[in-house]
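I have placed the structure first, in the form of C-alpha cells, so that the comments after it can refer back to it.
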Amino acid sequence: MGTRPLVRWWWLRGPFTAADITRQLEWFTAHGFGGVELAWLHPAWLPPTDDEQRPAFLGPDFQRLLGWTKAEGDRLGLRVDATFGSCWPFGGTWVTEIDAAKTLDGPSSERLQGSWEEPATPPVLDHLSAPAMARYAAALAPAFAPVLAGHPSALFCDSLELGVDRIWTPALDAVFEERFGYDLASADLEDPRVRYDHLATVSEAFQEGFVEPFVEAAHQLGAEARMQCHGAPADLVRAYATVDVPESEVLLFEPTHSRIAASAAALAGRRMVTCETFTCTYGFVGRPDLTPLRYWHAERFDDLRLVADAAFANGVNRIVWHGAPYQPEGRAPEFFASVHVAPDGALSGPELTAFNRYLAQASALLQRGRPHTDVAVLLGVEDGFMAGRIPVADRTPGAAWHFEHRRSVPHAALAGHQPMWITGPFLGAARVEDGRVVAGHASFSALVVDVAWLEAEVLARIVDLAAAGGAVVLGRTPRQPGTRMVAGYDDLVARLRSLAAPSVAATGAVPLLAGPALPPYWARRVDDGVVVFLAHPACADVTFPLRHGQAEEATATSRDLTITVDGVAADIRVRFPAGRSVALHARGDGRVEELELDG
C-alpha cells in the first residue's frame, strides 16, 4: 500500500465536477499525500442550498465521478480507496426488510443518519447475516466497479457503531437454543451470564456473517478489504486478523487501543496497520450541534505529531488523515471534525508537505521486517461481554460497552517485552516449538493469562500448551462465563496453576528494552537485529481530548535504557529533542545506531 499518508476525503456537498476533483487530487499530491479514501456523508449541520447538485448514490453520474477520480488518482500516483456504502454502519435504501437489522423483538428501528440518500433514512444492514451481506455487496458492485479498475484499491468499512441492545437475527434461534437450552427472547439480558450468552453468540455471527463475507466480497471485486473492526461486539483480534488491512482509530480511541489491530496483524502476517488519525483530536461535536469545530484555523503540527507518534508506538505503520472535505472552487471549508485539511485551513503549505514526509519516513521504518514478538497477553473477550455497559461517567464519545476494549492495556511491567494481544482462536491452533508458543505468524517466549472469565475450551487449550512446555503465567483465577457450565473446569484451573510460572521474569524471557520510565515504542525484527521507534516520552500522556498546544510539554529529555538483541545487551542513553521521537537500529553484536527521522 505504500508509506505516504492517505486522507479521508469526505464528499459532503457539491456541485461535483471533474475539474474540482482533479484540482483537489493535485493539491493532495503536491502536499505529500499518497492517496484518498472516499467517504460520503450528508452535511446535516449546514443550511440547504439550491445548487448542491449531488448525484444519486450509485447512479450513473455517481459512477462517472468515481471513474474519473480513480483514473486521475492512477495518473497522479495516488491510491484511491472507497467506503463500501454511504455513511456508516452499512445500509441503504436497497436493503430489503429481510436483509435489514433485527432485534430479539423483530425489525430494528435503527436507521442511517447522514446518508447521501437523505432525506431518506435507509435501514441498516443485518450485520449478522452472510446472505444479507452478499446481497448488499451485489447491489453495490456495479456502481463501485469504476473505482476498482486500474491500480489496486481497497474497499473500506468504517467503525462498526451498531445498535447492540437486543441485536439478533432469526437464523440464530436454533443455534442458541441448541447450545444454551433456553429461549433468549424471554430472558433477562441484564443478567451478566445471560448477556454473555447473547453477546458471545452475536460475536460469532458477526465474524461469520459480516467480517468474512465482507472480505470475500472485496476479493471477488478485485479489491483489498480494509476495516475498522472496533465498536463491534466481536473478538477484535480475530476480526482484525481476518481482513487484509486492519485499521485502528486515534484519538476518539486511545492510542493504546491500536495495539489490538497491530497484534492481529502480527498473528495473521499482515504487513500493514493503518490508522484513522487526528479524528476530533481537540474534542468532539455531536448532534444536534454538528457545526464546523472551532479549531480548523488553529490546529498545530506539533500537536498532531505527538498524536501520530503515539499511534506509531502502538504498532500503526500508515496514517490515514481525518480528514479533508470536498470543496468546489470558491466554496468555504465545510467540515465537522476538529482536524481539517484544506488549502485555506491551518494545515497547508510547505509545513504540511514536510510533516507528511516525516509520516511517510516513520511508516517506512515501521514496515521493515516483521513485528518483534516476545510476550503474548490474553485479551479478556469474555470479560468484556460479562461486564456489559460502561458506566456513563466513564464514557468517551461513541463508547458504550466494555467489549470495545478502548482502555485495555497490558500490564505496565510487560512494557519492555512489546506485549501482543491474543485470543482463543489463535491459541486453538497454537503449538509449542523449542519452548516458545507459536501462534499464526508469531512466536512468544511466554503467554500471560490474567482474566476474570475464560471459556472452558480456551482454558483447556492453554493447559495443553503449558503441558507441552510452553511458558504460561497465570494471574487471576478465571471463572466460567455465561450459563453453560462445563464439568471439570476447576480441575483445569488447578492443573494450569501447577504448570504456570509465577511471573514472566521466572520464565527466563528477557525484555527487549529495560530501564526506568520506558517511553512508548514499537520494534520490528530485521535481518541483522531490531529497528525501534521510540516515541517522545510525552506521547504516553496523549489521551482524548488533546489540549491545544499540549506538545509544548514535550521538552527535551533523555532515557537510560538497556536494549537486548539475540542475547547481547547494550546500555544506551537516548536523547529526545523537544517534541521529537527517536529511531534506533540495534544489531545482534551489540552495536546500536540512531536512524534519521526528518523534522
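How things are named: the first chain in the C-alpha cells is A, the next is B, and so on; residues count from 1 in each chain; ligands count from 1 in the order shown.
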(request) Name all residues at most 12 Å from Val307 in chain A (count only C-alpha atoms; drop same-chain ones fewer than 2 positions away) and give them as JSON, numbers by chain. (result) {"A": [249, 250, 251, 252, 253, 254, 255, 256, 275, 276, 277, 278, 279, 280, 281, 282, 300, 301, 302, 303, 304, 305, 309, 310, 311, 312, 313, 314, 316, 319, 321, 339, 359, 535, 536, 538, 539, 540, 541, 542, 543, 544, 545, 546, 547, 548, 549, 550, 551, 554, 579, 580, 581]}
(request) Give me the residues within 9 Å of Ala145 in chain A as a PyMOL selection string, counting only C-alpha atoms and dropping any in the same chain fewer than 6 places off. (result) chain A and resi 63+66-67+221
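Every residue of range 94-186 of chain A found in strand (DSSP E) when DSSP is run on the backbone appears here: Lys102, Thr103, Gly106, Pro107, Ala154, Leu155, Phe156, Cys157, Ile167 and Trp168 of chain A.
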Same residues, N, CA and C atoms, output as a PDB file, in the first residue's frame:
```
ATOM      1  N   LYS A 102     -32.054  -6.483  12.769  1.00  0.00           N
ATOM      2  CA  LYS A 102     -33.161  -7.006  13.560  1.00  0.00           C
ATOM      3  C   LYS A 102     -32.758  -7.098  15.028  1.00  0.00           C
ATOM      4  N   THR A 103     -33.755  -7.239  15.849  1.00  0.00           N
ATOM      5  CA  THR A 103     -33.549  -7.434  17.278  1.00  0.00           C
ATOM      6  C   THR A 103     -34.308  -8.687  17.711  1.00  0.00           C
ATOM      7  N   GLY A 106     -37.939  -8.273  16.839  1.00  0.00           N
ATOM      8  CA  GLY A 106     -38.390  -8.053  15.469  1.00  0.00           C
ATOM      9  C   GLY A 106     -37.505  -7.058  14.748  1.00  0.00           C
ATOM     10  N   PRO A 107     -38.029  -6.379  13.719  1.00  0.00           N
ATOM     11  CA  PRO A 107     -37.224  -5.427  12.951  1.00  0.00           C
ATOM     12  C   PRO A 107     -36.632  -4.339  13.842  1.00  0.00           C
ATOM     13  N   ALA A 154      -8.714  -0.563  -2.188  1.00  0.00           N
ATOM     14  CA  ALA A 154      -9.377  -1.302  -1.116  1.00  0.00           C
ATOM     15  C   ALA A 154     -10.795  -0.809  -0.963  1.00  0.00           C
ATOM     16  N   LEU A 155     -11.681  -1.724  -0.597  1.00  0.00           N
ATOM     17  CA  LEU A 155     -12.986  -1.334  -0.089  1.00  0.00           C
ATOM     18  C   LEU A 155     -12.854  -1.193   1.423  1.00  0.00           C
ATOM     19  N   PHE A 156     -13.474  -0.151   1.946  1.00  0.00           N
ATOM     20  CA  PHE A 156     -13.262   0.228   3.341  1.00  0.00           C
ATOM     21  C   PHE A 156     -14.560   0.120   4.123  1.00  0.00           C
ATOM     22  N   CYS A 157     -14.447  -0.346   5.357  1.00  0.00           N
ATOM     23  CA  CYS A 157     -15.560  -0.379   6.299  1.00  0.00           C
ATOM     24  C   CYS A 157     -15.166   0.429   7.526  1.00  0.00           C
ATOM     25  N   ILE A 167     -29.659  -6.946  19.775  1.00  0.00           N
ATOM     26  CA  ILE A 167     -29.354  -7.235  18.380  1.00  0.00           C
ATOM     27  C   ILE A 167     -29.454  -8.739  18.140  1.00  0.00           C
ATOM     28  N   TRP A 168     -30.005  -9.114  16.966  1.00  0.00           N
ATOM     29  CA  TRP A 168     -30.243 -10.540  16.712  1.00  0.00           C
ATOM     30  C   TRP A 168     -30.521 -10.736  15.237  1.00  0.00           C
TER      31      TRP A 168
END
```
(request) Quote the spacing between CA of Ala132 in chain A and CA of Asp99 in chain A in Å to one decimal place. (result) 4.8 Å
(request) Tell me, in Å to one decimal, how far CA of Leu347 in chain A is from CA of Thr83 in chain A. (result) 24.2 Å
(request) Kindly indicate which residue among A:Pro371, A:Gly428, A:Gly488, A:Pro350 lies nearest to Ser443 in chain A, using only C-alpha atoms for the distances. (result) A:Pro371
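Candidate residues A:Ala578, A:Ile462, A:Met227, A:Val164 were compared for distance to Pro425 in chain A, and the nearest is A:Ile462, using only C-alpha atoms.
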(request) Find the residues around Glu208 in chain A up to 12 Å (only C-alpha atoms counted), leave out those fewer than 6 positions away in its own chain, and share them as a ChimeraX atom specification. (result) /A:127-134,172,201-202,214-216,234-235,238-239,242
(request) Might you pull out every residue within 7 Å of Arg193 in chain A, with only C-alpha atoms counted and same-chain residues fewer than 5 positions away left off, and present them as a PyMOL selection string? (result) chain A and resi 386+481-483
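Across A:Glu351, A:Asp81, A:Asp191, A:Glu433, the tightest approach to Arg226 in chain A is made by A:Asp81 when counting only C-alpha atoms.
Among A:Val582, A:Val381, A:Ala262, A:Ala387, the residue with the shortest atom-to-atom distance to Ser558 in chain A, counting only C-alpha atoms, is A:Val582.
Between Ala487 in chain A and the candidates A:Ala500, A:Leu140, A:Ala456, A:Leu513, the tightest atom-to-atom separation, counting only C-alpha atoms, involves A:Ala456.
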(request) Tell me which of A:Asp383, A:Glu455, A:Glu110, A:Glu37 sits closest to Ala324 in chain A, counting only C-alpha atoms. (result) A:Glu37
(request) Using only C-alpha atoms, determine which residues lie at most 8 Å from Gly315 in chain A, disregarding the query and same-chain residues fewer than 3 positions distant; provide the list as an MDAnalysis selection string. (result) chainID A and resid 258:259 261:263 273 311:312 366 522
Residues just named, written with N, CA and C atoms as a short mmCIF file (atom, residue, chain, number, x, y, z; two decimals), in the first residue's frame:
```cif
data_model
loop_
_atom_site.label_atom_id
_atom_site.label_comp_id
_atom_site.auth_asym_id
_atom_site.auth_seq_id
_atom_site.Cartn_x
_atom_site.Cartn_y
_atom_site.Cartn_z
N SER A 258 -4.69 0.84 19.52
CA SER A 258 -4.15 0.36 18.25
C SER A 258 -3.35 -0.92 18.41
N ARG A 259 -2.90 -1.23 19.60
CA ARG A 259 -2.15 -2.47 19.83
C ARG A 259 -2.99 -3.70 19.49
N ALA A 261 -5.21 -4.01 16.91
CA ALA A 261 -5.09 -4.19 15.47
C ALA A 261 -3.68 -4.63 15.09
N ALA A 262 -2.66 -4.04 15.74
CA ALA A 262 -1.27 -4.40 15.44
C ALA A 262 -0.97 -5.84 15.85
N SER A 263 -1.54 -6.28 16.96
CA SER A 263 -1.35 -7.67 17.39
C SER A 263 -1.97 -8.63 16.39
N VAL A 273 -0.72 -1.87 9.00
CA VAL A 273 -1.71 -1.48 10.01
C VAL A 273 -1.97 0.00 9.82
N ALA A 311 0.51 6.85 18.01
CA ALA A 311 -0.05 5.75 17.22
C ALA A 311 1.06 4.84 16.71
N PHE A 312 2.16 5.43 16.20
CA PHE A 312 3.29 4.61 15.73
C PHE A 312 3.82 3.72 16.85
N LEU A 366 8.61 1.51 10.07
CA LEU A 366 7.78 0.56 10.80
C LEU A 366 7.13 -0.49 9.90
N TRP A 522 7.72 0.96 19.50
CA TRP A 522 7.36 -0.22 18.72
C TRP A 522 8.62 -0.71 18.02
#
```
(request) Determine which residues of range 324-492 of chain A receive a DSSP assignment of alpha helix (DSSP H), computed from the backbone, and state them as a ChimeraX atom specification. (result) /A:349-365,381-387,424-428,456-467,489-492
(request) Skip range 560-566 of chain A itself and residues of its chain fewer than 6 positions away, then list as JSON, numbers by chain all residues within 8 Å of it, counting only C-alpha atoms. (result) {"A": [510, 511, 512, 513, 514, 515, 516, 518, 529, 530, 572, 573, 574, 586, 587, 588, 590]}
What does the file look like for those residues with N, CA, C and O atoms, as a compact mmCIF listing (two decimals), in the first residue's frame?
```txt
# COMPACT_ATOMS: atom_id res chain seq x y z
N VAL A 510 13.70 -12.43 28.36
CA VAL A 510 14.50 -11.21 28.52
C VAL A 510 13.84 -10.08 27.74
O VAL A 510 13.59 -10.21 26.54
N PRO A 511 13.53 -8.97 28.40
CA PRO A 511 12.87 -7.88 27.67
C PRO A 511 13.78 -7.26 26.62
O PRO A 511 15.00 -7.19 26.80
N LEU A 512 13.18 -6.82 25.54
CA LEU A 512 13.94 -6.09 24.52
C LEU A 512 14.50 -4.80 25.10
O LEU A 512 15.67 -4.47 24.89
N LEU A 513 13.68 -4.09 25.85
CA LEU A 513 14.08 -2.82 26.46
C LEU A 513 13.90 -2.90 27.97
O LEU A 513 12.92 -3.47 28.47
N ALA A 514 14.84 -2.33 28.69
CA ALA A 514 14.75 -2.24 30.14
C ALA A 514 15.26 -0.88 30.57
O ALA A 514 16.13 -0.29 29.93
N GLY A 515 14.71 -0.40 31.66
CA GLY A 515 15.13 0.89 32.19
C GLY A 515 13.96 1.59 32.85
O GLY A 515 12.80 1.22 32.65
N PRO A 516 14.25 2.61 33.65
CA PRO A 516 13.17 3.34 34.33
C PRO A 516 12.38 4.19 33.34
O PRO A 516 12.94 4.77 32.41
N LEU A 518 10.16 3.65 30.79
CA LEU A 518 10.29 3.37 29.37
C LEU A 518 9.35 4.28 28.56
O LEU A 518 8.17 4.42 28.90
N GLY A 529 18.99 -7.63 13.19
CA GLY A 529 18.68 -7.12 14.52
C GLY A 529 17.26 -6.61 14.63
O GLY A 529 16.31 -7.25 14.16
N VAL A 530 17.13 -5.44 15.23
CA VAL A 530 15.82 -4.86 15.51
C VAL A 530 15.86 -3.37 15.22
O VAL A 530 16.84 -2.69 15.54
N ILE A 572 22.47 2.17 26.63
CA ILE A 572 22.45 3.36 25.78
C ILE A 572 21.75 4.50 26.50
O ILE A 572 20.92 4.28 27.38
N ARG A 573 22.10 5.71 26.13
CA ARG A 573 21.35 6.89 26.56
C ARG A 573 20.66 7.47 25.33
O ARG A 573 21.32 7.83 24.34
N VAL A 574 19.34 7.53 25.37
CA VAL A 574 18.56 8.04 24.25
C VAL A 574 18.17 9.48 24.57
O VAL A 574 17.53 9.73 25.59
N ALA A 586 19.31 -1.66 16.39
CA ALA A 586 20.14 -2.42 17.32
C ALA A 586 20.46 -3.77 16.70
O ALA A 586 19.56 -4.51 16.30
N ARG A 587 21.75 -4.09 16.62
CA ARG A 587 22.19 -5.33 16.00
C ARG A 587 22.53 -6.38 17.05
O ARG A 587 22.78 -6.06 18.21
N GLY A 588 22.58 -7.61 16.59
CA GLY A 588 22.85 -8.71 17.49
C GLY A 588 24.26 -8.75 18.04
O GLY A 588 24.55 -9.52 18.96
N GLY A 590 25.61 -6.10 19.47
CA GLY A 590 25.69 -5.05 20.49
C GLY A 590 25.78 -3.65 19.95
O GLY A 590 25.71 -2.68 20.71
```
